[in-house]
Amino acid sequence: EQSIDDSKQFSAADTIFHKTLAESTGNNLLIWIIDQITTVRGLSKWTKARNLTLNRGIMRKYNEQHQRILDAINSREPELAATSMKEHLETARLSITRASGI
């Protein structure tokens, strides 16, 4: 939320959010997958896509989705957390797809 005016800073915080969630599961496969995604997010094509997609509106939406995920985890509602994460990932996928013109 503090990075709403800086897409690069927001992206870094977003990476930390997802990496922390993965690490909290203790699931080595999930941790590895997030590490691979993090590597891809460092590539120039991803940076270009980030610059095209991350605006204040989408960053606010991502923050709202992150909060729903955390609230569900804190409330010990795994189904709601999973549903919220799927919604978040779909939002990100659609955003990237639109930016790339696919």
# chains A, B, ... in the order shown; residues from 1 in each chain; ligands from 1

call {"tool": "closest_atom_pairs", "arguments": {"of": "range 50-92 of chain A", "to": "range 5-23 of chain A", "cutoff": "8 Å", "atoms": "only C-alpha atoms", "output": "JSON lines"}}
result
{"residue": "A:Arg50", "atom": "CA", "partner": "A:Ser7", "partner_atom": "CA", "distance": 7.5}
{"residue": "A:Asn51", "atom": "CA", "partner": "A:Ser7", "partner_atom": "CA", "distance": 7.1}
{"residue": "A:Leu54", "atom": "CA", "partner": "A:Ser7", "partner_atom": "CA", "distance": 5.9}
{"residue": "A:Asn55", "atom": "CA", "partner": "A:Ser7", "partner_atom": "CA", "distance": 7.2}
{"residue": "A:Arg56", "atom": "CA", "partner": "A:Asp5", "partner_atom": "CA", "distance": 7.0}
{"residue": "A:Met59", "atom": "CA", "partner": "A:Phe10", "partner_atom": "CA", "distance": 7.7}

call {"tool": "write_last_selection", "arguments": {"atoms": "N, CA, C and O atoms", "output": "PDB file, in the first residue's frame"}}
result
ATOM      1  N   ARG A  50       5.256  -5.104 -16.771  1.00  0.00           N
ATOM      2  CA  ARG A  50       4.941  -4.436 -15.499  1.00  0.00           C
ATOM      3  C   ARG A  50       4.672  -2.960 -15.732  1.00  0.00           C
ATOM      4  O   ARG A  50       3.710  -2.398 -15.206  1.00  0.00           O
ATOM      5  N   ASN A  51       5.505  -2.345 -16.542  1.00  0.00           N
ATOM      6  CA  ASN A  51       5.336  -0.923 -16.813  1.00  0.00           C
ATOM      7  C   ASN A  51       4.037  -0.626 -17.549  1.00  0.00           C
ATOM      8  O   ASN A  51       3.470   0.455 -17.401  1.00  0.00           O
ATOM      9  N   LEU A  54       0.996  -2.041 -14.418  1.00  0.00           N
ATOM     10  CA  LEU A  54       0.871  -1.550 -13.048  1.00  0.00           C
ATOM     11  C   LEU A  54       0.573  -0.057 -13.022  1.00  0.00           C
ATOM     12  O   LEU A  54       1.446   0.778 -13.185  1.00  0.00           O
ATOM     13  N   ASN A  55      -0.692   0.228 -12.822  1.00  0.00           N
ATOM     14  CA  ASN A  55      -1.126   1.601 -12.602  1.00  0.00           C
ATOM     15  C   ASN A  55      -1.787   1.652 -11.226  1.00  0.00           C
ATOM     16  O   ASN A  55      -1.948   0.622 -10.568  1.00  0.00           O
ATOM     17  N   ARG A  56      -2.157   2.820 -10.787  1.00  0.00           N
ATOM     18  CA  ARG A  56      -2.742   2.947  -9.444  1.00  0.00           C
ATOM     19  C   ARG A  56      -3.971   2.043  -9.265  1.00  0.00           C
ATOM     20  O   ARG A  56      -4.146   1.451  -8.208  1.00  0.00           O
ATOM     21  N   MET A  59      -2.887  -1.622  -8.937  1.00  0.00           N
ATOM     22  CA  MET A  59      -2.161  -1.822  -7.677  1.00  0.00           C
ATOM     23  C   MET A  59      -3.129  -1.801  -6.496  1.00  0.00           C
ATOM     24  O   MET A  59      -2.989  -2.596  -5.568  1.00  0.00           O
TER      25      MET A  59
END

call {"tool": "atom_distance", "arguments": {"atom1": "CA of Arg68 in chain A", "atom2": "CA of Ala81 in chain A"}}
result
7.5 Å

call {"tool": "atom_distance", "arguments": {"atom1": "CA of Leu30 in chain A", "atom2": "CA of Thr97 in chain A"}}
result
23.2 Å

call {"tool": "residues_around", "arguments": {"residues": "Thr53 in chain A", "least_positions_apart": "6", "cutoff": "10 Å", "atoms": "only C-alpha atoms", "output": "mmCIF file with N, CA, C and O atoms, in the first residue's frame"}}
result
data_model
loop_
_atom_site.group_PDB
_atom_site.id
_atom_site.type_symbol
_atom_site.label_atom_id
_atom_site.label_comp_id
_atom_site.auth_asym_id
_atom_site.auth_seq_id
_atom_site.Cartn_x
_atom_site.Cartn_y
_atom_site.Cartn_z
ATOM 1 N N SER A 7 5.691 1.762 -9.363
ATOM 2 C CA SER A 7 5.424 0.399 -9.823
ATOM 3 C C SER A 7 6.597 -0.551 -9.554
ATOM 4 O O SER A 7 6.386 -1.728 -9.265
ATOM 5 N N THR A 47 9.593 -6.737 -17.123
ATOM 6 C CA THR A 47 9.669 -5.339 -16.708
ATOM 7 C C THR A 47 8.825 -4.470 -17.627
ATOM 8 O O THR A 47 8.086 -3.591 -17.166
ATOM 9 N N MET A 59 -2.887 -1.622 -8.937
ATOM 10 C CA MET A 59 -2.161 -1.822 -7.677
ATOM 11 C C MET A 59 -3.129 -1.801 -6.496
ATOM 12 O O MET A 59 -2.989 -2.596 -5.568
ATOM 13 N N ALA A 92 -4.156 -11.008 -12.302
ATOM 14 C CA ALA A 92 -2.809 -10.728 -12.795
ATOM 15 C C ALA A 92 -2.619 -11.295 -14.200
ATOM 16 O O ALA A 92 -2.047 -10.626 -15.068
ATOM 17 N N LEU A 94 -4.905 -11.863 -16.514
ATOM 18 C CA LEU A 94 -5.653 -11.047 -17.481
ATOM 19 C C LEU A 94 -4.969 -9.711 -17.730
ATOM 20 O O LEU A 94 -4.919 -9.240 -18.870
ATOM 21 N N SER A 95 -4.423 -9.124 -16.709
ATOM 22 C CA SER A 95 -3.728 -7.854 -16.841
ATOM 23 C C SER A 95 -2.518 -7.994 -17.754
ATOM 24 O O SER A 95 -2.308 -7.181 -18.670
ATOM 25 N N ILE A 96 -1.722 -9.031 -17.542
ATOM 26 C CA ILE A 96 -0.538 -9.268 -18.366
ATOM 27 C C ILE A 96 -0.939 -9.609 -19.809
ATOM 28 O O ILE A 96 -0.336 -9.120 -20.764
ATOM 29 N N THR A 97 -1.982 -10.415 -19.946
ATOM 30 C CA THR A 97 -2.452 -10.807 -21.285
ATOM 31 C C THR A 97 -2.904 -9.590 -22.080
ATOM 32 O O THR A 97 -2.564 -9.435 -23.254
ATOM 33 N N ARG A 98 -3.656 -8.718 -21.447
ATOM 34 C CA ARG A 98 -4.128 -7.507 -22.126
ATOM 35 C C ARG A 98 -2.958 -6.618 -22.533
ATOM 36 O O ARG A 98 -2.931 -6.055 -23.619
ATOM 37 N N ALA A 99 -1.984 -6.493 -21.653
ATOM 38 C CA ALA A 99 -0.832 -5.635 -21.942
ATOM 39 C C ALA A 99 0.014 -6.181 -23.083
ATOM 40 O O ALA A 99 0.571 -5.416 -23.867
ATOM 41 N N SER A 100 0.072 -7.499 -23.190
ATOM 42 C CA SER A 100 0.922 -8.100 -24.225
ATOM 43 C C SER A 100 0.183 -8.207 -25.559
ATOM 44 O O SER A 100 0.788 -8.566 -26.565
#

call {"tool": "closest_residue", "arguments": {"among": "A:Gln36, A:Asn63, A:Ser24, A:Lys45", "to": "Thr91 in chain A", "atoms": "only C-alpha atoms"}}
result
A:Asn63

call {"tool": "atom_distance", "arguments": {"atom1": "CA of Leu89 in chain A", "atom2": "CA of Gly42 in chain A"}}
result
18.2 Å

call {"tool": "select_by_dssp", "arguments": {"residues": "chain A", "states": "helix (DSSP H, G or I)", "output": "ChimeraX atom specification"}}
result
/A:7-25,28-41,44-53,56-74,78-100

call {"tool": "closest_residue", "arguments": {"among": "A:Pro78, A:Gln2, A:Ile34, A:Ser84", "to": "His66 in chain A", "atoms": "only C-alpha atoms"}}
result
A:Ser84

call {"tool": "decode", "arguments": {"residues": "range 17-58 of chain A", "atoms": "N, CA and C atoms", "output": "short mmCIF file (atom, residue, chain, number, x, y, z; two decimals), in the first residue's frame"}}
result
data_model
loop_
_atom_site.label_atom_id
_atom_site.label_comp_id
_atom_site.auth_asym_id
_atom_site.auth_seq_id
_atom_site.Cartn_x
_atom_site.Cartn_y
_atom_site.Cartn_z
N PHE A 17 5.57 -10.42 -0.81
CA PHE A 17 4.29 -10.94 -0.31
C PHE A 17 4.10 -12.39 -0.74
N HIS A 18 4.25 -12.64 -2.03
CA HIS A 18 4.02 -14.00 -2.54
C HIS A 18 5.08 -14.98 -2.03
N LYS A 19 6.31 -14.54 -1.96
CA LYS A 19 7.38 -15.41 -1.47
C LYS A 19 7.16 -15.75 0.01
N THR A 20 6.75 -14.78 0.79
CA THR A 20 6.47 -15.02 2.22
C THR A 20 5.33 -16.00 2.39
N LEU A 21 4.27 -15.83 1.60
CA LEU A 21 3.15 -16.79 1.67
C LEU A 21 3.62 -18.20 1.33
N ALA A 22 4.38 -18.32 0.27
CA ALA A 22 4.88 -19.64 -0.14
C ALA A 22 5.74 -20.25 0.96
N GLU A 23 6.65 -19.47 1.49
CA GLU A 23 7.56 -19.98 2.52
C GLU A 23 6.80 -20.38 3.78
N SER A 24 5.71 -19.69 4.07
CA SER A 24 4.93 -20.01 5.27
C SER A 24 4.26 -21.38 5.17
N THR A 25 4.11 -21.89 3.96
CA THR A 25 3.48 -23.20 3.79
C THR A 25 4.44 -24.34 4.09
N GLY A 26 5.73 -24.08 3.95
CA GLY A 26 6.71 -25.16 4.11
C GLY A 26 6.71 -26.13 2.95
N ASN A 27 5.99 -25.78 1.89
CA ASN A 27 5.88 -26.64 0.70
C ASN A 27 7.04 -26.30 -0.24
N ASN A 28 8.02 -27.20 -0.30
CA ASN A 28 9.22 -26.92 -1.08
C ASN A 28 8.94 -26.74 -2.57
N LEU A 29 7.97 -27.46 -3.11
CA LEU A 29 7.62 -27.31 -4.52
C LEU A 29 7.05 -25.91 -4.77
N LEU A 30 6.15 -25.48 -3.93
CA LEU A 30 5.56 -24.14 -4.08
C LEU A 30 6.63 -23.06 -3.94
N ILE A 31 7.53 -23.24 -2.98
CA ILE A 31 8.62 -22.28 -2.80
C ILE A 31 9.48 -22.22 -4.06
N TRP A 32 9.78 -23.37 -4.63
CA TRP A 32 10.59 -23.43 -5.86
C TRP A 32 9.86 -22.72 -7.00
N ILE A 33 8.56 -22.97 -7.14
CA ILE A 33 7.78 -22.33 -8.21
C ILE A 33 7.81 -20.81 -8.06
N ILE A 34 7.62 -20.33 -6.84
CA ILE A 34 7.66 -18.88 -6.62
C ILE A 34 9.04 -18.33 -6.93
N ASP A 35 10.08 -19.08 -6.59
CA ASP A 35 11.44 -18.64 -6.93
C ASP A 35 11.62 -18.54 -8.45
N GLN A 36 11.05 -19.49 -9.19
CA GLN A 36 11.15 -19.45 -10.65
C GLN A 36 10.39 -18.25 -11.21
N ILE A 37 9.21 -18.00 -10.66
CA ILE A 37 8.43 -16.84 -11.09
C ILE A 37 9.19 -15.55 -10.78
N THR A 38 9.82 -15.50 -9.63
CA THR A 38 10.61 -14.32 -9.25
C THR A 38 11.74 -14.09 -10.24
N THR A 39 12.38 -15.17 -10.68
CA THR A 39 13.44 -15.06 -11.67
C THR A 39 12.90 -14.48 -12.97
N VAL A 40 11.76 -14.97 -13.42
CA VAL A 40 11.14 -14.48 -14.65
C VAL A 40 10.77 -13.01 -14.51
N ARG A 41 10.29 -12.63 -13.33
CA ARG A 41 9.89 -11.24 -13.11
C ARG A 41 11.07 -10.28 -13.20
N GLY A 42 12.28 -10.79 -13.16
CA GLY A 42 13.45 -9.96 -13.30
C GLY A 42 13.88 -9.74 -14.74
N LEU A 43 13.26 -10.44 -15.68
CA LEU A 43 13.62 -10.32 -17.09
C LEU A 43 13.07 -9.04 -17.69
N SER A 44 13.73 -8.57 -18.75
CA SER A 44 13.34 -7.29 -19.35
C SER A 44 11.93 -7.32 -19.92
N LYS A 45 11.49 -8.44 -20.49
CA LYS A 45 10.12 -8.50 -21.04
C LYS A 45 9.09 -8.35 -19.92
N TRP A 46 9.39 -8.93 -18.77
CA TRP A 46 8.46 -8.81 -17.65
C TRP A 46 8.44 -7.36 -17.15
N THR A 47 9.59 -6.74 -17.12
CA THR A 47 9.67 -5.34 -16.71
C THR A 47 8.83 -4.47 -17.63
N LYS A 48 8.89 -4.75 -18.92
CA LYS A 48 8.08 -4.00 -19.88
C LYS A 48 6.60 -4.22 -19.60
N ALA A 49 6.21 -5.48 -19.36
CA ALA A 49 4.81 -5.78 -19.06
C ALA A 49 4.37 -5.10 -17.77
N ARG A 50 5.26 -5.10 -16.77
CA ARG A 50 4.94 -4.44 -15.50
C ARG A 50 4.67 -2.96 -15.73
N ASN A 51 5.51 -2.35 -16.54
CA ASN A 51 5.34 -0.92 -16.81
C ASN A 51 4.04 -0.63 -17.55
N LEU A 52 3.57 -1.58 -18.34
CA LEU A 52 2.31 -1.41 -19.07
C LEU A 52 1.09 -1.69 -18.20
N THR A 53 1.24 -2.54 -17.20
CA THR A 53 0.07 -3.00 -16.45
C THR A 53 -0.10 -2.36 -15.08
N LEU A 54 1.00 -2.04 -14.42
CA LEU A 54 0.87 -1.55 -13.05
C LEU A 54 0.57 -0.06 -13.02
N ASN A 55 -0.69 0.23 -12.82
CA ASN A 55 -1.13 1.60 -12.60
C ASN A 55 -1.79 1.65 -11.23
N ARG A 56 -2.16 2.82 -10.79
CA ARG A 56 -2.74 2.95 -9.44
C ARG A 56 -3.97 2.04 -9.26
N GLY A 57 -4.80 1.96 -10.28
CA GLY A 57 -6.01 1.15 -10.17
C GLY A 57 -5.72 -0.32 -9.96
N ILE A 58 -4.82 -0.86 -10.76
CA ILE A 58 -4.52 -2.29 -10.63
C ILE A 58 -3.74 -2.55 -9.34
#
